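Dumped upload-v3.cif below, it's mmCIF, C-alpha atoms:
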```
data_query
#
loop_
_atom_site.label_atom_id
_atom_site.label_comp_id
_atom_site.auth_asym_id
_atom_site.auth_seq_id
_atom_site.Cartn_x
_atom_site.Cartn_y
_atom_site.Cartn_z
CA MET A 79 61.87 0.44 -17.90
CA ILE A 80 63.82 3.07 -19.82
CA GLU A 81 67.43 2.49 -20.51
CA LYS A 82 69.59 5.59 -20.24
CA LYS A 83 73.28 5.26 -20.69
CA GLY A 84 73.24 1.70 -19.35
CA LYS A 85 71.27 2.70 -16.25
CA TYR A 86 67.61 1.60 -15.69
CA ILE A 87 65.29 4.34 -14.55
CA PRO A 88 61.79 3.11 -13.55
CA GLU A 89 58.99 4.78 -15.52
CA LYS A 90 56.19 6.26 -13.44
CA LEU A 91 52.97 4.48 -14.38
CA THR A 92 49.60 5.75 -13.18
CA LEU A 93 46.44 3.66 -13.38
CA ASN A 94 43.56 5.28 -15.22
CA LEU A 95 40.67 4.67 -12.82
CA VAL A 96 38.21 7.04 -14.49
CA PRO A 97 36.25 4.40 -16.54
CA ILE A 98 35.89 2.02 -13.58
CA MET A 99 34.79 4.92 -11.36
CA ASP A 100 32.13 5.82 -13.96
CA ALA A 101 30.87 2.23 -14.02
CA VAL A 102 30.78 2.01 -10.21
CA PHE A 103 28.85 5.30 -10.00
CA ILE A 104 26.26 4.11 -12.53
CA LEU A 105 25.93 0.80 -10.65
CA ILE A 106 25.44 2.64 -7.35
CA PHE A 107 22.62 4.77 -8.78
CA PHE A 108 20.94 1.70 -10.28
CA LEU A 109 21.17 -0.18 -6.98
CA LEU A 110 19.99 2.82 -4.96
CA PHE A 111 16.77 2.93 -6.97
CA SER A 112 16.10 -0.79 -6.63
CA VAL A 113 17.04 -1.17 -2.99
CA GLN A 114 14.44 -2.75 -0.70
CA TYR A 115 15.04 -2.90 3.00
CA ILE A 116 12.24 -5.39 3.68
CA LYS A 117 12.62 -8.75 1.95
CA LEU A 118 9.17 -9.71 0.77
CA ARG A 119 8.19 -13.35 0.50
CA GLU A 120 4.86 -15.06 -0.07
CA ILE A 121 2.84 -17.84 1.48
CA GLU A 122 0.17 -19.56 -0.57
CA ALA A 123 -3.38 -20.14 0.62
CA GLN A 124 -6.69 -20.78 -1.06
CA ALA A 125 -10.34 -19.97 -0.82
CA PRO A 126 -12.72 -22.87 -0.26
CA VAL A 127 -14.20 -24.24 -3.48
CA VAL A 128 -17.49 -26.11 -3.59
CA SER A 129 -17.30 -29.19 -5.80
CA THR A 130 -19.43 -32.23 -6.45
CA VAL A 131 -17.99 -35.56 -5.38
CA LYS A 132 -18.66 -38.74 -7.32
CA ASN A 133 -19.94 -41.80 -5.43
CA LYS A 134 -16.76 -43.74 -6.24
CA GLN A 135 -14.64 -40.98 -4.73
CA LYS A 136 -16.87 -40.92 -1.67
CA GLU A 137 -16.15 -44.58 -1.06
CA GLU A 138 -12.37 -44.02 -1.15
CA LYS A 139 -10.75 -43.19 2.14
CA HIS A 140 -9.63 -39.56 2.31
CA LEU A 141 -7.72 -37.71 4.95
CA ASN A 142 -9.96 -34.61 4.96
CA LEU A 143 -7.59 -32.79 7.28
CA LYS A 144 -9.00 -29.89 9.28
CA ILE A 145 -6.96 -27.80 11.69
CA LYS A 146 -8.75 -25.60 14.19
CA ILE A 147 -6.79 -22.76 15.79
CA LEU A 148 -8.34 -21.95 19.14
CA LYS A 149 -7.23 -19.40 21.74
CA ASN A 150 -5.07 -21.84 23.70
CA THR A 151 -5.01 -25.05 21.69
CA ILE A 152 -4.75 -26.50 18.22
CA GLN A 153 -7.06 -29.33 17.21
CA ILE A 154 -6.50 -31.68 14.29
CA PHE A 155 -9.54 -33.42 12.79
CA THR A 156 -9.52 -36.15 10.16
CA GLY A 157 -12.01 -38.13 8.12
CA VAL A 158 -15.43 -37.29 6.71
CA GLU A 159 -16.93 -37.51 10.19
CA GLU A 160 -14.33 -34.99 11.44
CA ASN A 161 -12.95 -37.10 14.26
CA LEU A 162 -10.61 -35.38 16.68
CA TYR A 163 -7.21 -36.90 15.90
CA PHE A 164 -4.93 -34.74 18.02
CA GLU A 165 -5.12 -31.77 20.38
CA MET A 166 -2.29 -29.80 21.88
CA SER A 167 -1.76 -26.67 23.94
CA LYS A 168 0.01 -23.86 22.09
CA PHE A 169 2.09 -23.14 25.17
CA GLU A 170 3.86 -26.51 25.30
CA ALA A 171 7.59 -26.32 24.72
CA SER A 172 7.81 -28.70 21.76
CA PHE A 173 4.52 -27.54 20.24
CA SER A 174 5.64 -26.83 16.68
CA LYS A 175 7.90 -29.89 16.50
CA LYS A 176 5.12 -32.23 17.61
CA ILE A 177 2.52 -30.71 15.26
CA LYS A 178 4.93 -31.02 12.33
CA MET A 179 5.60 -34.65 13.26
CA ILE A 180 1.87 -35.44 13.38
CA LEU A 181 1.28 -33.71 10.03
CA MET A 182 4.17 -35.60 8.41
CA LYS A 183 2.77 -38.89 9.74
CA LEU A 184 -0.66 -38.06 8.27
CA ARG A 185 0.84 -37.06 4.92
CA ARG A 186 2.82 -40.31 4.73
CA SER A 187 -0.39 -42.28 5.39
CA PHE A 188 -2.31 -40.31 2.72
CA PRO A 189 0.20 -39.33 0.01
CA ASP A 190 -2.60 -38.38 -2.41
CA ASP A 191 -4.18 -35.83 -0.08
CA ASP A 192 -2.32 -32.59 -0.41
CA TYR A 193 -4.69 -30.14 1.23
CA ALA A 194 -5.46 -28.95 4.73
CA ILE A 195 -8.39 -26.82 5.81
CA LEU A 196 -7.58 -24.13 8.34
CA LEU A 197 -10.27 -22.89 10.71
CA PRO A 198 -8.99 -20.07 12.93
CA GLU A 199 -11.18 -18.61 15.66
CA LYS A 200 -12.20 -15.02 14.95
CA THR A 201 -9.92 -13.56 17.65
CA ILE A 202 -6.78 -15.31 16.36
CA SER A 203 -4.16 -12.87 15.09
CA TYR A 204 -2.84 -12.90 11.54
CA LYS A 205 0.68 -13.51 12.88
CA GLU A 206 -0.47 -16.75 14.48
CA ILE A 207 -2.29 -17.84 11.31
CA VAL A 208 0.90 -17.34 9.29
CA GLU A 209 2.86 -19.38 11.84
CA VAL A 210 0.38 -22.27 11.58
CA ILE A 211 0.40 -22.14 7.75
CA GLU A 212 4.19 -22.42 7.94
CA LEU A 213 3.83 -25.45 10.21
CA ILE A 214 1.47 -27.05 7.69
CA GLN A 215 3.58 -26.29 4.63
CA ILE A 216 7.29 -26.17 5.42
CA LEU A 217 9.04 -29.53 5.67
CA PRO A 218 10.79 -30.51 8.93
CA ASP A 219 14.40 -29.34 9.38
CA LYS A 220 13.93 -26.91 6.45
CA GLN A 221 14.36 -29.77 3.95
CA LYS A 222 13.74 -28.81 0.32
CA GLU A 223 12.08 -32.07 -0.67
CA ILE A 224 11.01 -35.43 0.71
CA PHE A 225 10.10 -38.68 -1.04
CA LEU A 226 6.94 -40.51 0.00
CA LYS A 227 5.98 -44.05 -0.95
CA LYS A 228 2.90 -44.20 -3.16
CA ASN A 229 1.89 -47.58 -4.64
CA GLY A 230 5.51 -48.71 -4.46
CA LYS A 231 6.74 -45.62 -6.29
CA ASP A 232 8.49 -42.55 -4.91
CA LEU A 233 6.48 -39.34 -4.77
CA LYS A 234 8.47 -36.11 -4.38
CA ILE A 235 6.92 -33.40 -2.21
CA ASN A 236 8.19 -29.86 -1.48
CA LYS A 237 5.67 -29.08 1.24
CA ILE A 238 3.91 -31.20 3.85
CA PHE A 239 0.53 -29.98 2.61
CA SER A 240 0.89 -27.50 -0.24
CA GLN A 241 -2.77 -26.47 -0.45
CA VAL A 242 -3.98 -24.63 2.62
CA VAL A 243 -7.62 -23.62 2.48
CA LEU A 244 -8.71 -20.72 4.69
CA GLU A 245 -12.21 -21.55 5.85
CA PRO A 246 -14.50 -18.50 6.18
CA LEU A 247 -15.96 -17.71 9.58
CA ASP A 248 -19.34 -19.09 10.38
CA GLU A 249 -21.73 -16.12 10.24
CA SER A 250 -23.89 -17.56 13.00
CA MET E 155 51.51 40.23 -3.86
CA ASN E 156 53.72 37.39 -2.80
CA LEU E 157 50.78 35.22 -1.88
CA ARG E 158 49.44 35.18 -5.46
CA LYS E 159 52.75 34.08 -6.80
CA LYS E 160 52.88 31.19 -4.34
CA LYS E 161 49.39 30.00 -5.37
CA ARG E 162 50.31 29.82 -9.06
CA ASP E 163 53.27 27.62 -8.22
CA VAL E 164 51.09 24.84 -6.79
CA VAL E 165 50.47 22.13 -9.42
CA VAL E 166 48.18 19.23 -8.61
CA GLU E 167 49.45 16.14 -10.41
CA ASN E 168 47.40 13.31 -8.90
CA ILE E 169 44.31 13.26 -6.71
CA GLU E 170 44.41 10.62 -3.98
CA ILE E 171 41.15 8.69 -4.55
CA THR E 172 41.96 5.45 -2.68
CA SER E 173 39.78 6.38 0.31
CA LEU E 174 36.92 7.43 -1.98
CA LEU E 175 37.15 4.09 -3.78
CA ASP E 176 37.05 2.27 -0.44
CA VAL E 177 33.84 4.04 0.51
CA LEU E 178 32.30 3.29 -2.89
CA VAL E 179 33.16 -0.41 -2.64
CA ILE E 180 31.56 -0.64 0.83
CA LEU E 181 28.47 1.16 -0.49
CA LEU E 182 28.34 -1.18 -3.46
CA VAL E 183 28.46 -4.29 -1.28
CA PHE E 184 25.73 -2.89 1.01
CA LEU E 185 23.48 -2.04 -1.94
CA LEU E 186 24.04 -5.40 -3.60
CA GLN E 187 22.93 -7.12 -0.39
CA ASN E 188 19.70 -5.12 -0.29
CA PHE E 189 18.97 -5.39 -3.98
CA ASN E 190 15.29 -6.03 -4.67
CA ASP E 191 15.20 -9.45 -6.28
CA THR E 192 11.41 -9.79 -6.31
CA GLU E 193 9.06 -9.01 -9.16
CA LEU E 194 6.61 -7.27 -6.84
CA SER E 195 7.20 -3.60 -6.13
CA VAL E 196 4.98 -2.15 -3.46
CA ASP E 197 5.07 0.86 -1.17
CA LEU E 198 4.49 -0.22 2.39
CA ILE E 199 1.75 1.89 3.94
CA GLU E 200 1.99 3.56 7.36
CA GLN E 201 1.20 1.61 10.55
CA MET E 202 1.92 -1.62 8.72
CA ASN E 203 3.92 -4.42 10.30
CA ILE E 204 3.80 -7.63 8.29
CA PRO E 205 4.62 -10.96 9.97
CA ASN E 206 7.97 -12.69 9.59
CA SER E 207 8.34 -15.99 7.83
CA ILE E 208 10.95 -18.52 6.77
CA SER E 209 9.26 -18.87 3.39
CA GLU E 210 11.59 -18.40 0.43
CA THR E 211 9.02 -17.99 -2.33
CA MET E 212 9.33 -14.68 -4.17
CA PRO E 213 6.11 -12.71 -4.59
CA LYS E 214 4.84 -11.83 -8.06
CA ASN E 215 3.13 -8.78 -9.44
CA TYR E 216 -0.59 -9.15 -8.91
CA ILE E 217 -3.17 -6.78 -7.43
CA VAL E 218 -2.12 -5.86 -3.85
CA VAL E 219 -4.58 -5.32 -1.00
CA GLN E 220 -3.03 -3.84 2.14
CA VAL E 221 -4.70 -3.44 5.53
CA ASN E 222 -2.77 -1.73 8.33
CA SER E 223 -3.17 -1.92 12.11
CA LYS E 224 -5.70 0.95 12.01
CA LYS E 225 -7.76 -1.15 9.57
CA ASP E 226 -7.24 1.31 6.70
CA VAL E 227 -7.57 -0.50 3.38
CA TYR E 228 -5.35 0.23 0.37
CA ILE E 229 -5.61 -1.37 -3.05
CA ASN E 230 -2.55 -0.84 -5.27
CA ASN E 231 -1.43 1.93 -2.88
CA LYS E 232 -4.77 3.80 -3.12
CA ASN E 233 -6.48 4.53 0.19
CA LEU E 234 -10.12 3.39 0.24
CA GLY E 235 -10.99 4.17 3.86
CA ASN E 236 -11.51 2.22 7.04
CA LEU E 237 -12.64 -1.41 7.01
CA SER E 238 -15.24 -0.77 9.71
CA VAL E 239 -17.14 1.61 7.38
CA LEU E 240 -19.71 0.01 5.07
CA GLN E 241 -18.86 2.39 2.19
CA THR E 242 -15.26 1.16 2.22
CA LYS E 243 -16.40 -2.41 1.69
CA ASN E 244 -18.46 -1.29 -1.32
CA LYS E 245 -15.44 0.58 -2.70
CA ILE E 246 -13.24 -2.50 -2.25
CA LYS E 247 -15.81 -4.63 -4.04
CA LYS E 248 -16.05 -2.20 -6.97
CA ILE E 249 -12.29 -1.91 -7.48
CA LEU E 250 -11.66 -5.62 -7.13
CA GLU E 251 -14.45 -6.39 -9.61
CA LEU E 252 -12.88 -4.01 -12.14
CA GLU E 253 -9.41 -5.50 -11.65
CA PHE E 254 -10.77 -9.04 -11.91
CA GLU E 255 -12.52 -8.27 -15.19
CA LYS E 256 -9.36 -6.61 -16.52
CA PHE E 257 -7.27 -9.69 -15.76
CA LYS E 258 -9.94 -12.01 -17.15
CA GLU E 259 -10.18 -10.07 -20.43
CA LYS E 260 -6.42 -10.29 -20.86
CA LYS E 261 -6.84 -14.08 -20.64
CA ASN E 262 -4.22 -14.04 -17.92
CA GLU E 263 -3.76 -17.53 -16.48
CA ASP E 264 -3.40 -16.15 -12.96
CA PHE E 265 -6.51 -13.99 -12.99
CA GLN E 266 -7.69 -15.61 -9.76
CA VAL E 267 -4.55 -14.65 -7.83
CA ILE E 268 -4.47 -11.78 -5.35
CA ASN E 269 -1.72 -10.49 -3.04
CA PHE E 270 -2.63 -9.66 0.56
CA MET E 271 -0.55 -7.64 3.00
CA PHE E 272 -2.09 -7.63 6.45
CA ASP E 273 -0.73 -6.15 9.64
CA LYS E 274 0.27 -8.94 11.99
CA THR E 275 -1.98 -7.68 14.79
CA LEU E 276 -5.20 -7.95 12.75
CA SER E 277 -7.62 -10.64 13.83
CA TYR E 278 -9.09 -13.32 11.59
CA TYR E 279 -12.46 -11.59 11.94
CA GLU E 280 -11.08 -8.51 10.12
CA ILE E 281 -9.10 -10.53 7.58
CA ASP E 282 -12.10 -12.71 6.81
CA GLN E 283 -14.11 -9.65 5.73
CA ILE E 284 -11.53 -8.88 3.00
CA LEU E 285 -11.17 -12.54 2.02
CA ASP E 286 -14.93 -12.86 1.78
CA ILE E 287 -15.25 -9.90 -0.62
CA SER E 288 -12.42 -11.11 -2.87
CA ASN E 289 -13.66 -14.69 -2.79
CA ASN E 290 -17.15 -13.67 -3.92
CA ILE E 291 -15.66 -11.76 -6.86
CA GLY E 292 -13.60 -14.75 -8.00
CA PHE E 293 -10.14 -14.39 -6.48
CA LEU E 294 -9.56 -17.91 -5.20
CA LYS E 295 -5.77 -18.05 -4.83
CA TYR E 296 -4.35 -15.96 -2.03
CA LYS E 297 -0.73 -14.91 -1.78
CA LEU E 298 -0.01 -13.74 1.75
CA ILE E 299 2.93 -11.35 1.63
CA VAL E 300 5.28 -11.72 4.58
CA GLN E 301 8.71 -10.52 5.62
CA GLY E 302 11.41 -13.03 4.75
CA ASP E 303 14.46 -13.85 6.81
CA THR E 304 16.75 -14.63 3.88
#
```

Represent the structure contained in this file as structure tokens.
Amino acid sequence: MIEKKGKYIPEKLTLNLVPIMDAVFILIFFLLFSVQYIKLREIEAQAPVVSTVKNKQKEEKHLNLKIKILKNTIQIFTGVEENLYFEMSKFEASFSKKIKMILMKLRRSFPDDDYAILLPEKTISYKEIVEVIELIQILPDKQKEIFLKKNGKDLKINKIFSQVVLEPLDES
Amino acid sequence: MNLRKKKRDVVVENIEITSLLDVLVILLVFLLQNFNDTELSVDLIEQMNIPNSISETMPKNYIVVQVNSKKDVYINNKNLGNLSVLQTKNKIKKILELEFEKFKEKKNEDFQVINFMFDKTLSYYEIDQILDISNNIGFLKYKLIVQGDT
């Protein structure tokens, strides 16, 4: 305020916006170059690996989870003998919820076994394969982690089965 | 002329930039929302519709194999031809072998990792052909690139 003969006259102040405008313009150009309209994410899968199994390991009980994706159903096999554990139509209302529940139950029973082998039929679409991999990996209710009991200790897991193996098609 | 005299009298003291600033702020917010936060930068090819997913894992920069709905194969944005042609499969094999050796020589820990972008309509029969070639070369860890919701 400027005092003039005992009377206050307000001084006109103007904000200098030029530097902030420069910064905003630079930021806009930077963002324009790095803009991506599709948000890319990844899902992990693996190729089958042939390995030798020691006799001692053979004797231990393993889950050996195999999931077959057929045209109308999904079949879950367990054990070395590949016994059919569960089968469900893909068109049932609570399909994904039930499958997730079954997989969680299996994982709790075999906390050491972290892999699932996926066997899609050759006509199955990629979209469907991705959906099933999500069912196998992502924890129920989008939880970030779950603790399993292993030999009296807690085992933290981020995925139901983190290693999904994509089985090649049988050439015959 | 009188008109000229009138023009000289006009003095612009301040430019009203409030509205311009408003537009810039809106643009800034929009661009910040769509900012590419992933390491992987890839040009999506034509006729390509990748599946949606709730996965939140960010993709990383490895070799990218893309196959669109017409079964055209692209490796690192380079068109190699149609998957149904035998020559294309040989080309894929050659390029992937070269890339694999390059990664291996660099002693890169993730030399077995490969990014795949498949159109969601492709069948497992078509996908398996690509997986088979890459598997035989030594790429054992697959990263399936999908479209995230978040």

field: Output check: residues returned by the PyMOL selection byres ((chain A) within 9 of (chain E)), as JSON, numbers by chain
entry: {"A": [92, 99, 102, 103, 105, 106, 109, 110, 112, 113, 114, 115, 116, 117, 118, 119, 120, 121, 122, 123, 124, 125, 126, 127, 198, 199, 200, 201, 202, 203, 204, 205, 206, 207, 208, 209, 212, 216, 220, 244, 245, 246, 247]}

Segment 146-159 of chain A surroundings by all atoms listed in the file, 9 Å radius, close-in-sequence under 3 positions cut, as an MDAnalysis selection string: chainID A and resid 139:143 162:169 177 195:202 206:207 210

query: Got a sec: who's within 10 Å of Leu234 of chain E, counting only C-alpha atoms, leaving out chain neighbours fewer than 5 positions off, as a PyMOL selection string?
result: chain E and resi 226-229+241-246+249

task: State, in Å with one decimal place, the distance from atom CA of Ser240 of chain A to atom CA of Tyr193 of chain A.
output: 6.3 Å

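Atom CA of Lys90 of chain A to atom CA of Val177 of chain E spans 26.4 Å [interatomic distance, one decimal].
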
- prompt: With all atoms listed in the file as the atoms that count, which of A:Lys175, A:Ile214, A:Asn94, A:Glu223 lies nearest to Ile169 of chain E?
  reply: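 Among the listed residues, A:Asn94 lies closest to Ile169 of chain E.
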
message: At a cut-off of 10 Å around the point (-5.2, -9.1, -15.9) (file coordinates), what residues fall inside when counting all atoms listed in the file? I'd like the answer as number ranges by chain.
response: E: 216-217, 252-267

- prompt: Could you tell me, as a list of chain:residue names, which residues have any atom at most 12 Å from (-1.3, -44.8, 1.3), counting all atoms listed in the file?
  reply: A:Glu138, A:Lys139, A:His140, A:Leu141, A:Lys183, A:Leu184, A:Arg185, A:Arg186, A:Ser187, A:Phe188, A:Pro189, A:Asp190, A:Asp191, A:Leu226, A:Lys227, A:Lys228, A:Asn229, A:Gly230, A:Lys231, A:Asp232, A:Leu233

- line: Expressed in Å, the length from atom CA of Lys178 of chain A to atom CA of Asp248 of chain A is 27.1 Å

Reconstruct N, CA and C atoms of segment 220-232 of chain E; output as an mmCIF file, keeping the file's coordinate frame.
```
data_model
loop_
_atom_site.group_PDB
_atom_site.id
_atom_site.type_symbol
_atom_site.label_atom_id
_atom_site.label_comp_id
_atom_site.auth_asym_id
_atom_site.auth_seq_id
_atom_site.Cartn_x
_atom_site.Cartn_y
_atom_site.Cartn_z
ATOM 1 N N GLN E 220 -3.742 -4.026 0.872
ATOM 2 C CA GLN E 220 -3.030 -3.840 2.140
ATOM 3 C C GLN E 220 -4.006 -3.341 3.214
ATOM 4 N N VAL E 221 -3.888 -3.905 4.389
ATOM 5 C CA VAL E 221 -4.700 -3.440 5.530
ATOM 6 C C VAL E 221 -3.742 -3.227 6.704
ATOM 7 N N ASN E 222 -3.705 -2.004 7.236
ATOM 8 C CA ASN E 222 -2.770 -1.730 8.330
ATOM 9 C C ASN E 222 -3.434 -1.940 9.704
ATOM 10 N N SER E 223 -2.670 -1.659 10.754
ATOM 11 C CA SER E 223 -3.170 -1.920 12.110
ATOM 12 C C SER E 223 -4.381 -1.051 12.474
ATOM 13 N N LYS E 224 -4.536 0.086 11.757
ATOM 14 C CA LYS E 224 -5.700 0.950 12.010
ATOM 15 C C LYS E 224 -6.908 0.524 11.167
ATOM 16 N N LYS E 225 -6.735 -0.569 10.448
ATOM 17 C CA LYS E 225 -7.760 -1.150 9.570
ATOM 18 C C LYS E 225 -8.057 -0.270 8.344
ATOM 19 N N ASP E 226 -7.082 0.541 7.946
ATOM 20 C CA ASP E 226 -7.240 1.310 6.700
ATOM 21 C C ASP E 226 -6.897 0.378 5.538
ATOM 22 N N VAL E 227 -7.751 0.413 4.512
ATOM 23 C CA VAL E 227 -7.570 -0.500 3.380
ATOM 24 C C VAL E 227 -6.991 0.252 2.177
ATOM 25 N N TYR E 228 -5.975 -0.332 1.564
ATOM 26 C CA TYR E 228 -5.350 0.230 0.370
ATOM 27 C C TYR E 228 -5.340 -0.844 -0.717
ATOM 28 N N ILE E 229 -5.750 -0.441 -1.912
ATOM 29 C CA ILE E 229 -5.610 -1.370 -3.050
ATOM 30 C C ILE E 229 -4.685 -0.707 -4.058
ATOM 31 N N ASN E 230 -3.610 -1.398 -4.398
ATOM 32 C CA ASN E 230 -2.550 -0.840 -5.270
ATOM 33 C C ASN E 230 -2.145 0.561 -4.817
ATOM 34 N N ASN E 231 -1.897 0.690 -3.533
ATOM 35 C CA ASN E 231 -1.430 1.930 -2.880
ATOM 36 C C ASN E 231 -2.477 3.047 -2.832
ATOM 37 N N LYS E 232 -3.724 2.779 -3.161
ATOM 38 C CA LYS E 232 -4.770 3.800 -3.120
ATOM 39 C C LYS E 232 -5.619 3.581 -1.871
#
```
